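Peer 1: The file below is structure33.csv, CSV, C-alpha atoms:
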chain,number,residue,atom,x,y,z
A,839,PRO,CA,0.0,0.0,0.0
A,840,TRP,CA,1.1,3.5,-0.8
A,841,MET,CA,0.6,4.7,2.8
A,842,LEU,CA,3.2,2.2,4.1
A,843,ILE,CA,5.7,3.3,1.4
A,844,VAL,CA,5.2,7.0,2.2
A,845,SER,CA,5.5,6.2,6.0
A,846,ALA,CA,8.7,4.3,5.4
A,847,ILE,CA,10.2,7.2,3.4
A,848,VAL,CA,9.2,9.8,6.0
A,849,THR,CA,10.5,7.7,8.9
A,850,SER,CA,13.8,7.0,7.1
A,851,SER,CA,14.2,10.7,6.3
A,852,PHE,CA,13.9,11.7,10.0
A,853,ASP,CA,16.3,8.9,11.0
A,854,ALA,CA,19.0,10.8,9.0
A,855,PHE,CA,18.7,13.6,11.5
A,856,PHE,CA,18.6,11.4,14.6
A,857,SER,CA,22.2,10.0,14.6
A,858,PRO,CA,24.0,13.4,14.3
A,859,ALA,CA,21.7,14.9,16.9
A,860,LYS,CA,22.3,12.0,19.3
A,861,THR,CA,26.1,12.3,18.8
A,862,VAL,CA,26.0,16.0,19.6
A,863,SER,CA,23.7,15.5,22.6
A,864,ILE,CA,26.0,12.8,24.1
A,865,ARG,CA,29.0,15.0,23.7
A,866,ALA,CA,27.2,17.9,25.5
A,867,ILE,CA,25.9,15.8,28.3
A,868,VAL,CA,28.5,13.2,29.1
A,869,PRO,CA,32.0,14.1,30.5
A,870,ASP,CA,34.9,12.8,28.6
A,871,HIS,CA,36.0,10.3,31.3
A,872,LEU,CA,32.6,8.7,31.2
A,873,MET,CA,32.2,8.6,27.5
A,874,THR,CA,33.2,4.9,27.1
A,875,ARG,CA,30.6,3.9,29.7
A,876,ALA,CA,28.0,6.0,28.0
A,877,GLN,CA,28.7,4.3,24.7
A,878,SER,CA,28.7,1.0,26.4
A,879,LEU,CA,25.3,1.6,27.9
A,880,SER,CA,23.9,2.9,24.7
A,881,ALA,CA,25.1,-0.2,22.8
A,882,THR,CA,23.8,-2.5,25.5
A,883,ILE,CA,20.3,-1.0,25.3
A,884,GLN,CA,20.3,-1.1,21.5
A,885,THR,CA,21.3,-4.7,21.5
A,886,VAL,CA,18.7,-5.7,24.1
A,887,VAL,CA,16.0,-3.9,22.1
A,888,GLY,CA,17.2,-5.5,18.9
A,889,LEU,CA,16.7,-8.9,20.5
A,890,VAL,CA,13.4,-8.2,22.2
A,891,ALA,CA,11.7,-6.1,19.5
A,892,PRO,CA,11.2,-8.8,16.8
A,893,ALA,CA,9.4,-11.0,19.4
A,894,ILE,CA,7.1,-8.1,20.5
A,895,ALA,CA,6.5,-7.2,16.9
A,896,ALA,CA,5.5,-10.7,16.0
A,897,LEU,CA,3.1,-10.9,18.9
A,898,LEU,CA,1.5,-7.6,18.1
A,899,LEU,CA,1.1,-8.5,14.4
A,900,ALA,CA,-0.5,-11.8,15.4
A,901,LEU,CA,-3.0,-10.0,17.6
A,902,HIS,CA,-4.0,-7.0,15.5
A,903,LEU,CA,-2.1,-5.0,12.8
A,904,PRO,CA,-3.4,-1.6,13.8
A,905,THR,CA,-2.3,-2.3,17.4
A,906,ALA,CA,1.3,-2.8,16.2
A,907,PHE,CA,1.3,0.7,14.5
A,908,LEU,CA,-0.3,2.2,17.6
A,909,PHE,CA,2.3,0.6,19.9
A,910,ASN,CA,5.1,2.0,17.6
A,911,ALA,CA,3.5,5.5,17.8
A,912,ILE,CA,3.4,5.2,21.6
A,913,THR,CA,7.1,4.3,21.8
A,914,PHE,CA,7.9,7.4,19.7
A,915,PHE,CA,5.9,9.6,22.0
A,916,LEU,CA,7.5,8.0,25.1
A,917,SER,CA,10.9,8.8,23.6
A,918,TYR,CA,9.9,12.4,23.0
A,919,THR,CA,8.7,12.7,26.6
A,920,LEU,CA,11.9,11.3,28.1
A,921,ILE,CA,14.1,13.5,25.8
A,922,SER,CA,12.1,16.6,26.9
A,923,PHE,CA,13.3,16.0,30.5
A,924,ILE,CA,16.9,16.6,29.5
A,925,ARG,CA,18.0,19.9,31.1
A,926,GLN,CA,21.2,20.7,29.3
A,927,THR,CA,21.4,24.4,28.6
A,928,SER,CA,23.6,24.1,25.5
A,929,LEU,CA,21.2,21.8,23.7
A,930,PRO,CA,18.1,24.0,23.2
A,931,LYS,CA,20.1,26.9,21.8
A,932,GLN,CA,19.3,27.7,18.2
A,933,SER,CA,21.9,28.7,15.6
A,934,THR,CA,21.7,32.4,14.6
A,935,GLU,CA,22.9,31.6,11.1
A,936,LYS,CA,20.4,31.5,8.3
A,937,LEU,CA,20.0,28.0,6.8
A,938,ASP,CA,20.5,28.3,3.0
A,939,VAL,CA,22.5,26.6,0.3
A,940,LYS,CA,25.5,28.9,0.9
A,941,THR,CA,25.6,28.2,4.6
A,942,PHE,CA,25.2,24.5,4.1
A,943,THR,CA,28.0,24.5,1.5
A,944,ASN,CA,30.4,26.4,3.8
A,945,ASP,CA,29.7,24.1,6.7
A,946,LEU,CA,30.3,21.1,4.5
A,947,LYS,CA,33.6,22.6,3.3
A,948,THR,CA,34.6,23.4,6.9
A,949,GLY,CA,33.9,19.8,7.9
A,950,PHE,CA,36.0,18.3,5.1
A,951,THR,CA,38.9,20.8,5.8
A,952,THR,CA,38.9,19.9,9.5
A,953,ILE,CA,39.0,16.1,8.7
A,954,ILE,CA,41.9,16.6,6.2
A,955,SER,CA,43.9,19.0,8.4
A,956,VAL,CA,43.7,16.8,11.6
A,957,PRO,CA,45.8,13.6,11.3
A,958,LEU,CA,43.8,11.9,14.1
A,959,LEU,CA,40.5,12.5,12.2
A,960,ARG,CA,41.9,11.3,8.9
A,961,GLY,CA,43.1,8.1,10.6
A,962,MET,CA,39.7,7.5,12.2
A,963,ILE,CA,37.8,8.0,8.9
A,964,ILE,CA,40.1,5.4,7.2
A,965,TYR,CA,39.6,3.1,10.2
A,966,LEU,CA,35.8,3.6,10.0
A,967,VAL,CA,35.8,2.8,6.3
A,968,LEU,CA,37.8,-0.4,6.8
A,969,ILE,CA,35.5,-1.5,9.7
A,970,ASN,CA,32.4,-0.9,7.6
A,971,PHE,CA,34.0,-2.8,4.7
A,972,MET,CA,34.7,-5.7,7.0
A,973,LEU,CA,31.3,-5.8,8.7
A,974,ALA,CA,29.0,-4.9,5.8
A,975,PRO,CA,28.9,-8.4,4.3
A,976,VAL,CA,28.5,-10.2,7.6
A,977,SER,CA,24.7,-10.7,7.3
A,978,LEU,CA,25.2,-12.0,3.8
A,979,LEU,CA,27.8,-14.5,4.9
A,980,PHE,CA,25.9,-16.1,7.8
A,981,PRO,CA,23.6,-18.2,5.5
A,982,LEU,CA,26.7,-19.9,4.1
A,983,PHE,CA,27.5,-21.5,7.4
A,984,VAL,CA,24.1,-23.0,8.2
A,985,ASP,CA,21.7,-25.6,6.7
A,986,ASP,CA,18.3,-24.2,7.6
A,987,ALA,CA,16.4,-21.2,8.9
A,988,SER,CA,16.6,-22.3,12.6
A,989,GLN,CA,20.4,-22.5,12.4
A,990,LEU,CA,20.5,-19.1,10.8
A,991,ALA,CA,18.4,-17.6,13.6
A,992,ALA,CA,20.7,-19.2,16.1
A,993,VAL,CA,23.8,-17.7,14.4
A,994,GLN,CA,22.2,-14.3,14.4
A,995,ILE,CA,21.3,-14.6,18.0
A,996,PHE,CA,24.8,-15.6,19.0
A,997,PHE,CA,26.2,-12.6,17.1
A,998,ALA,CA,23.8,-10.3,19.0
A,999,ILE,CA,24.8,-12.0,22.3
A,1000,GLY,CA,28.5,-11.3,21.4
A,1001,ILE,CA,27.6,-7.7,20.9
A,1002,LEU,CA,25.7,-7.6,24.2
A,1003,VAL,CA,28.6,-9.2,26.1
A,1004,GLY,CA,31.1,-6.9,24.4
A,1005,SER,CA,29.2,-3.8,25.2
A,1006,LEU,CA,29.4,-4.7,28.9
A,1007,ALA,CA,32.9,-6.1,28.9
A,1008,ILE,CA,34.5,-3.0,27.3
A,1009,ASN,CA,34.1,-1.2,30.6
A,1010,PHE,CA,37.1,-3.3,31.8
A,1011,PHE,CA,39.3,-1.4,29.3
A,1012,ASN,CA,38.6,2.0,30.8
A,1013,LYS,CA,42.1,2.2,32.3
A,1014,PHE,CA,43.8,1.3,29.0
A,1015,LYS,CA,44.4,3.4,26.0
A,1016,LYS,CA,41.6,3.4,23.5
A,1017,ILE,CA,43.8,1.7,20.9
A,1018,ILE,CA,43.8,-1.5,23.0
A,1019,PRO,CA,40.1,-2.4,22.6
A,1020,MET,CA,40.3,-1.4,19.0
A,1021,ILE,CA,43.2,-3.9,18.5
A,1022,VAL,CA,41.4,-6.6,20.5
A,1023,GLY,CA,38.2,-6.1,18.6
A,1024,LEU,CA,39.9,-6.2,15.2
A,1025,SER,CA,41.9,-9.3,16.3
A,1026,LEU,CA,38.8,-11.1,17.4
A,1027,LEU,CA,37.1,-10.3,14.1
A,1028,LEU,CA,40.1,-11.4,12.0
A,1029,ILE,CA,40.5,-14.7,14.0
A,1030,ALA,CA,36.8,-15.5,14.0
A,1031,PHE,CA,36.2,-15.0,10.2
A,1032,ALA,CA,39.5,-16.5,9.2
A,1033,THR,CA,38.7,-19.6,11.2
A,1034,LEU,CA,35.1,-19.8,9.9
A,1035,ALA,CA,36.6,-20.5,6.4
A,1036,PHE,CA,37.9,-23.9,7.6
A,1037,ILE,CA,35.3,-25.0,10.1
A,1038,ASP,CA,32.2,-27.1,9.5
A,1039,ASN,CA,31.2,-27.9,13.1
A,1040,TYR,CA,28.0,-26.1,13.9
A,1041,ILE,CA,28.8,-25.6,17.6
A,1042,ILE,CA,32.2,-24.1,16.8
A,1043,ILE,CA,30.6,-21.9,14.2
A,1044,LEU,CA,28.3,-20.5,16.9
A,1045,LEU,CA,31.2,-19.8,19.2
A,1046,LEU,CA,33.2,-18.1,16.4
A,1047,VAL,CA,30.2,-15.9,15.5
A,1048,LEU,CA,29.9,-14.9,19.1
A,1049,CYS,CA,33.6,-13.9,19.1
A,1050,ALA,CA,32.9,-11.9,16.0
A,1051,GLY,CA,30.1,-10.0,17.6
A,1052,LEU,CA,32.3,-9.4,20.6
A,1053,GLY,CA,35.1,-8.0,18.4
A,1054,SER,CA,32.8,-5.8,16.3
A,1055,ILE,CA,31.4,-3.9,19.3
A,1056,PHE,CA,34.9,-3.5,20.9
A,1057,ALA,CA,36.1,-1.9,17.7
A,1058,SER,CA,32.9,0.2,17.3
A,1059,ILE,CA,32.6,1.6,20.8
A,1060,ALA,CA,36.3,2.5,21.0
A,1061,LEU,CA,36.1,4.3,17.7
A,1062,GLN,CA,32.9,6.2,18.7
A,1063,THR,CA,34.4,7.3,22.0
A,1064,VAL,CA,37.6,8.6,20.4
A,1065,PHE,CA,35.6,10.3,17.6
A,1066,ILE,CA,33.2,12.0,20.0
A,1067,THR,CA,35.8,13.2,22.4
A,1068,LYS,CA,38.4,14.3,19.8
A,1069,VAL,CA,36.3,16.1,17.3
A,1070,PRO,CA,35.6,19.8,18.2
A,1071,ARG,CA,32.1,20.3,19.5
A,1072,GLU,CA,31.2,22.8,16.8
A,1073,PHE,CA,31.9,20.2,14.1
A,1074,LEU,CA,30.1,17.3,15.6
A,1075,GLY,CA,26.9,16.3,13.8
Is it possible to give me this structure as structure tokens?
Peer 2:
Amino acid sequence: PWMLIVSAIVTSSFDAFFSPAKTVSIRAIVPDHLMTRAQSLSATIQTVVGLVAPAIAALLLALHLPTAFLFNAITFFLSYTLISFIRQTSLPKQSTEKLDVKTFTNDLKTGFTTIISVPLLRGMIIYLVLINFMLAPVSLLFPLFVDDASQLAAVQIFFAIGILVGSLAINFFNKFKKIIPMIVGLSLLLIAFATLAFIDNYIIILLLVLCAGLGSIFASIALQTVFITKVPREFLG
């Protein structure tokens, strides 16, 4: 139906604004020394929601389709209500600059100039591209290691469990340099996927996928923490 297509387009359009706004808000609210814990908590909540949400959605769809949409609307309203309680003086401030094509172009040029001129940012962008290159085909590769849908579901669940465990375990790296969890995460990813190429045992595959999930969140949270704390506030978002 055309209404569902339009709704999906509108929702996706607003999602494009959410991530930059979330990044700026976290930077404004959370002190630098607590940033890793904040990213860990955020990743933990997202993983738990990702595990629970499909089950709730299936239950609501089985009961009544309009109820599922109503429940979704209620969750958005609840999110808005919770966000409205945030009392950070720097967040509600509006920019005095007029938003037009010229301003947008200048801001875009300033952002690129900042990335190019700061070696740390250049390195992080390259690192981010490599991480996305490594993780992008993960969901496409999983079906190659299983025989049926139930095994595929188990593999995806173990990957999510690895992410959940990693989002909690990364707090033990707070006293180390941020490069350490990055190296550990990349090493786990490399070992897990390299070993998967030679393994046929289903149980071992599940354990390796769990390690891959663990490594992916280690690398991701460490990068996000460094990025948020090192990029100047005025260029975030």
Peer 1: Return the single residue from A:Ile1043, A:Ala866, A:Ile1021, A:Lys1013 that is closest to Pro981 of chain A, with distances computed using all atoms listed in the file.
Peer 2: A:Ile1043
Peer 1: So how many Å separate atom CA of Gln1062 of chain A and atom CA of Leu1006 of chain A, to one decimal?
Peer 2: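 Here the two named atoms are 15.3 Å from each other.
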Peer 1: Between atom CA of Ala1030 of chain A and atom CA of Cys1049 of chain A, measure the distance and give it in Å to one decimal.
Peer 2: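 Computing it gives 6.2 Å between the two atoms.
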Peer 1: Using only C-alpha atoms, tabulate the residues of segment 987-1032 of chain A lying at most 12 Å from any atom of segment 953-967 of chain A, each with its closest atom pair and that distance in Å to one decimal, by chain and increasing residue number, as CSV.
Peer 2:
residue,atom,partner,partner_atom,distance
A:Ile1017,CA,A:Met962,CA,11.2
A:Met1020,CA,A:Tyr965,CA,9.9
A:Ile1021,CA,A:Tyr965,CA,11.4
A:Leu1024,CA,A:Tyr965,CA,10.6
Peer 1: Considering all atoms listed in the file, state which residue in the set A:Phe856, A:Phe971, A:Phe909, A:Tyr918 is at the smallest distance from Ile894 of chain A.
Peer 2: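 That would be A:Phe909, the residue with the smallest distance to Ile894 of chain A.
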Peer 1: Calculate how many Å separate atom CA of Ala911 of chain A from atom CA of Ser850 of chain A, rounding to one decimal.
Peer 2: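 Straight-line distance from atom CA of Ala911 of chain A to atom CA of Ser850 of chain A works out to 14.9 Å.
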Peer 1: Which is closest to Ile1042 of chain A among A:Phe983, A:Phe852, A:Phe923, A:Phe950, if we use only C-alpha atoms?
Peer 2: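 Using only C-alpha atoms, the shortest distance to Ile1042 of chain A belongs to A:Phe983.
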Peer 1: Residues within 7 Å of segment 1007-1010 of chain A, please, as a ChimeraX atom specification. Count all atoms listed in the file; anything in the same chain fewer than 4 positions from it doesn't count.
Peer 2: /A:875,1003,1056
Peer 1: Taking all atoms listed in the file into account, which of A:Tyr1040, A:Ile1029, A:Leu968, A:Lys1016 comes nearest Phe980 of chain A?
Peer 2: A:Tyr1040
Peer 1: If we draw a sphere of 10 Å around (17.6, -13.7, 21.8), which residues have at least one atom in it when counting only C-alpha atoms? Please report them as a short mmCIF file (atom, residue, chain, number, x, y, z; two decimals) with C-alpha atoms, in the frame of the given file.
Peer 2:
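Final file, point19.cif:
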data_model
loop_
_atom_site.label_atom_id
_atom_site.label_comp_id
_atom_site.auth_asym_id
_atom_site.auth_seq_id
_atom_site.Cartn_x
_atom_site.Cartn_y
_atom_site.Cartn_z
CA THR A 885 21.30 -4.70 21.50
CA VAL A 886 18.70 -5.70 24.10
CA VAL A 887 16.00 -3.90 22.10
CA GLY A 888 17.20 -5.50 18.90
CA LEU A 889 16.70 -8.90 20.50
CA VAL A 890 13.40 -8.20 22.20
CA ALA A 891 11.70 -6.10 19.50
CA PRO A 892 11.20 -8.80 16.80
CA ALA A 893 9.40 -11.00 19.40
CA ALA A 991 18.40 -17.60 13.60
CA ALA A 992 20.70 -19.20 16.10
CA GLN A 994 22.20 -14.30 14.40
CA ILE A 995 21.30 -14.60 18.00
CA PHE A 996 24.80 -15.60 19.00
CA PHE A 997 26.20 -12.60 17.10
CA ALA A 998 23.80 -10.30 19.00
CA ILE A 999 24.80 -12.00 22.30
#
